[in-house]
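Structure file data-v2.pdb (PDB, C-alpha atoms) follows.
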```
ATOM      1  CA  MET U 288       2.024 -19.399  10.908
ATOM      2  CA  SER U 289       2.002 -15.796   9.763
ATOM      3  CA  ASP U 290       4.597 -13.252  10.837
ATOM      4  CA  LEU U 291       1.803 -10.662  11.131
ATOM      5  CA  LEU U 292      -1.414 -11.457  12.984
ATOM      6  CA  ILE U 293      -4.381  -9.249  12.114
ATOM      7  CA  HIS U 294      -7.397  -8.997  14.439
ATOM      8  CA  ARG U 295     -10.404  -6.684  14.531
ATOM      9  CA  HIS U 296     -11.988  -5.443  17.741
ATOM     10  CA  GLY U 297     -14.858  -3.229  16.625
ATOM     11  CA  ARG U 298     -13.269  -0.225  14.895
ATOM     12  CA  VAL U 299      -9.789  -1.142  16.183
ATOM     13  CA  LEU U 300      -7.450  -3.035  13.879
ATOM     14  CA  GLN U 301      -4.709  -4.808  15.807
ATOM     15  CA  LEU U 302      -1.515  -5.818  14.010
ATOM     16  CA  THR U 303       0.678  -8.158  16.042
ATOM     17  CA  LEU U 304       4.242  -8.904  15.008
ATOM     18  CA  ASN U 305       4.604 -12.663  15.378
ATOM     19  CA  ARG U 306       8.267 -13.590  15.047
ATOM     20  CA  PRO U 307       9.196 -14.676  18.595
ATOM     21  CA  GLN U 308      12.050 -16.833  17.292
ATOM     22  CA  ALA U 309      13.629 -13.593  15.987
ATOM     23  CA  ARG U 310      12.413 -11.433  18.906
ATOM     24  CA  ASN U 311       9.998  -9.794  16.408
ATOM     25  CA  ALA U 312      12.863  -8.371  14.364
ATOM     26  CA  LEU U 313      11.624  -6.703  11.199
ATOM     27  CA  ASN U 314      12.553  -7.930   7.743
ATOM     28  CA  ASN U 315      11.416  -6.798   4.298
ATOM     29  CA  ALA U 316       8.656  -9.422   4.144
ATOM     30  CA  LEU U 317       7.175  -8.311   7.481
ATOM     31  CA  LEU U 318       7.471  -4.616   6.586
ATOM     32  CA  THR U 319       5.636  -5.382   3.324
ATOM     33  CA  GLN U 320       2.841  -7.146   5.230
ATOM     34  CA  ILE U 321       2.532  -4.184   7.609
ATOM     35  CA  ALA U 322       2.411  -1.703   4.712
ATOM     36  CA  GLU U 323      -0.249  -3.760   2.902
ATOM     37  CA  ALA U 324      -2.390  -4.108   6.044
ATOM     38  CA  LEU U 325      -2.220  -0.363   6.740
ATOM     39  CA  GLU U 326      -3.035   0.511   3.126
ATOM     40  CA  ALA U 327      -6.117  -1.735   3.274
ATOM     41  CA  ALA U 328      -7.150  -0.211   6.622
ATOM     42  CA  ALA U 329      -6.723   3.320   5.267
ATOM     43  CA  VAL U 330      -9.542   2.815   2.753
ATOM     44  CA  ASP U 331     -11.751   0.753   5.090
ATOM     45  CA  ASP U 332     -14.270   3.099   6.712
ATOM     46  CA  SER U 333     -15.001   0.530   9.427
ATOM     47  CA  VAL U 334     -11.435   0.907  10.783
ATOM     48  CA  GLY U 335     -11.028   3.902  13.059
ATOM     49  CA  VAL U 336      -7.626   3.218  14.604
ATOM     50  CA  CYS U 337      -4.776   0.743  14.266
ATOM     51  CA  VAL U 338      -2.647  -0.645  17.080
ATOM     52  CA  ILE U 339       0.643  -2.304  16.214
ATOM     53  CA  ARG U 340       2.422  -4.418  18.788
ATOM     54  CA  GLY U 341       4.828  -7.280  19.232
ATOM     55  CA  ASN U 342       3.707 -10.649  20.497
ATOM     56  CA  ALA U 343       4.769 -11.903  23.900
ATOM     57  CA  ARG U 344       7.256  -9.585  25.557
ATOM     58  CA  PHE U 345       9.236  -8.550  22.505
ATOM     59  CA  SER U 346       9.029  -5.272  20.670
ATOM     60  CA  PRO U 347      10.962  -5.277  17.412
ATOM     61  CA  PRO U 348      14.702  -4.895  17.998
ATOM     62  CA  GLY U 349      15.622  -3.972  14.442
ATOM     63  CA  LEU U 350      16.195  -5.567  11.067
ATOM     64  CA  THR U 351      17.270  -9.189  10.811
ATOM     65  CA  SER U 352      19.389  -8.721   7.695
ATOM     66  CA  MET U 353      22.758  -7.074   8.062
ATOM     67  CA  LYS U 354      23.411  -7.233   4.316
ATOM     68  CA  TRP U 355      22.877  -3.480   4.081
ATOM     69  CA  ARG U 356      26.301  -2.944   5.638
ATOM     70  CA  LYS U 357      27.971  -4.430   2.565
ATOM     71  CA  LYS U 358      25.885  -2.722  -0.143
ATOM     72  CA  ASP U 359      27.398  -0.539  -2.795
ATOM     73  CA  LEU U 360      25.709   2.689  -3.895
ATOM     74  CA  PRO U 361      23.497   1.217  -6.675
ATOM     75  CA  ALA U 362      22.255  -1.518  -4.332
ATOM     76  CA  THR U 363      21.605   1.044  -1.605
ATOM     77  CA  LEU U 364      19.633   3.265  -3.976
ATOM     78  CA  ASP U 365      17.563   0.242  -5.048
ATOM     79  CA  ASP U 366      16.788  -0.791  -1.444
ATOM     80  CA  ILE U 367      13.070  -1.452  -0.898
ATOM     81  CA  ARG U 368      13.012  -0.414   2.767
ATOM     82  CA  PRO U 369      12.729   3.374   2.271
ATOM     83  CA  ARG U 370       9.670   2.785   0.063
ATOM     84  CA  LEU U 371       8.166   0.449   2.669
ATOM     85  CA  TRP U 372       8.732   3.001   5.448
ATOM     86  CA  ALA U 373       7.095   5.697   3.282
ATOM     87  CA  ARG U 374       4.049   3.461   2.768
ATOM     88  CA  ILE U 375       3.763   2.825   6.510
ATOM     89  CA  ASP U 376       4.301   6.494   7.375
ATOM     90  CA  ALA U 377       1.563   7.515   4.897
ATOM     91  CA  PHE U 378      -1.166   5.868   7.016
ATOM     92  CA  THR U 379      -3.703   8.629   7.682
ATOM     93  CA  LYS U 380      -5.678   7.169  10.579
ATOM     94  CA  PRO U 381      -4.467   7.088  14.181
ATOM     95  CA  LEU U 382      -1.682   4.531  14.590
ATOM     96  CA  ILE U 383      -0.720   3.446  18.094
ATOM     97  CA  ALA U 384       2.557   1.632  18.719
ATOM     98  CA  SER U 385       2.268  -0.521  21.834
ATOM     99  CA  VAL U 386       5.883  -1.020  22.897
ATOM    100  CA  ASN U 387       6.704  -3.642  25.520
ATOM    101  CA  GLY U 388      10.385  -3.510  26.349
ATOM    102  CA  TYR U 389      12.969  -2.098  23.986
ATOM    103  CA  ALA U 390      12.254  -0.876  20.450
ATOM    104  CA  LEU U 391      15.650  -0.568  18.800
ATOM    105  CA  GLY U 392      16.730   0.176  15.238
ATOM    106  CA  ALA U 393      13.896  -0.558  12.825
ATOM    107  CA  GLY U 394      11.595  -1.173  15.792
ATOM    108  CA  CYS U 395      12.198   2.412  16.875
ATOM    109  CA  GLU U 396      11.508   3.592  13.321
ATOM    110  CA  LEU U 397       8.205   1.726  13.386
ATOM    111  CA  ALA U 398       7.271   3.306  16.727
ATOM    112  CA  CYS U 399       8.150   6.742  15.308
ATOM    113  CA  CYS U 400       5.646   6.208  12.473
ATOM    114  CA  ALA U 401       2.857   6.048  15.067
ATOM    115  CA  THR U 402       0.737   9.066  15.792
TER     116      THR U 402
END
```
Hey, can you dump this file as structure tokens for me?
Amino acid sequence: MSDLLIHRHGRVLQLTLNRPQARNALNNALLTQIAEALEAAAVDDSVGVCVIRGNARFSPPGLTSMKWRKKDLPATLDDIRPRLWARIDAFTKPLIASVNGYALGAGCELACCAT
């Protein structure tokens, strides 16, 4: 089962975070999938808008990995997440974040990327 479900409804692309066991917490793999889906949608003229949401009743609470707290400067500078956020934020079409419940930490960052 995929952590990101992708459905089309006419010109609407719906991205659904599908990690209920982790309350849809974001990790680097899921952020990469989101970035790749948005990059593909950006060049697809049949997509007019993208809606991103969590499955069930969970919006993303944040990142699952707490390793960042123990990183030294070189590891922090080499972190992939800032590049992933930049890729998501670069999406040029309307992006709607459908938040159901709390969106904390990285979930809030994702909601802030929406137009």
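Nearest residue to Pro381 of chain U among U:Leu397, U:Val330, U:Val336, U:Leu291 is U:Val336, counting all atoms listed in the file.
What separates atom CA of Arg368 of chain U from atom CA of Val299 of chain U is a distance of 26.5 Å.
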If you take every atom of segment 297-307 of chain U that the file lists and fit an axis-aligned box around them with 6 Å extra on each side, what centre and edge lengths come out in Å to one decimal, as AutoDock Vina command-line options?
```
--center_x -2.8 --center_y -7.5 --center_z 16.2 --size_x 36.1 --size_y 26.5 --size_z 16.7
```
**OP:** Can you give me, as a list in words, the residues this file yields under the PyMOL selection byres ((chain U and resi 290) around 7)?
**Re:** Met288, Ser289, Leu291, Leu292, Leu304, Asn305, Arg306 and Leu317 of chain U
Query raised in the report: Exactly which residues make up the result of the PyMOL selection byres ((chain U and resi 394) around 12) on this file, given as a PyMOL selection string?
Result: chain U and resi 304+310-314+317-318+339-341+345-351+372+384-393+395-401
Expressed in Å, the length from atom CA of Cys337 of chain U to atom CA of Leu371 of chain U is 17.4 Å
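Note that atom CA of Phe378 of chain U and atom CA of Leu325 of chain U are 6.3 Å apart.
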Of U:Asn342, U:Thr402, U:Gln320, U:Ser333, the one nearest to Ala377 of chain U when counting all atoms listed in the file is U:Thr402
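Compared by their closest atoms to Ile375 of chain U, and using all atoms listed in the file, the residues U:Ala316, U:Arg298, U:Gln308, U:Ile321 rank with U:Ile321 nearest.
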Between U:Ala309, U:Ala327, U:Ala343, U:Val338, smallest distance to Arg374 of chain U by all atoms listed in the file belongs to U:Ala327
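Closest approach to Ala322 of chain U among U:Leu302, U:Asp359, U:His294, U:Gly335: U:Leu302, based on all atoms listed in the file.
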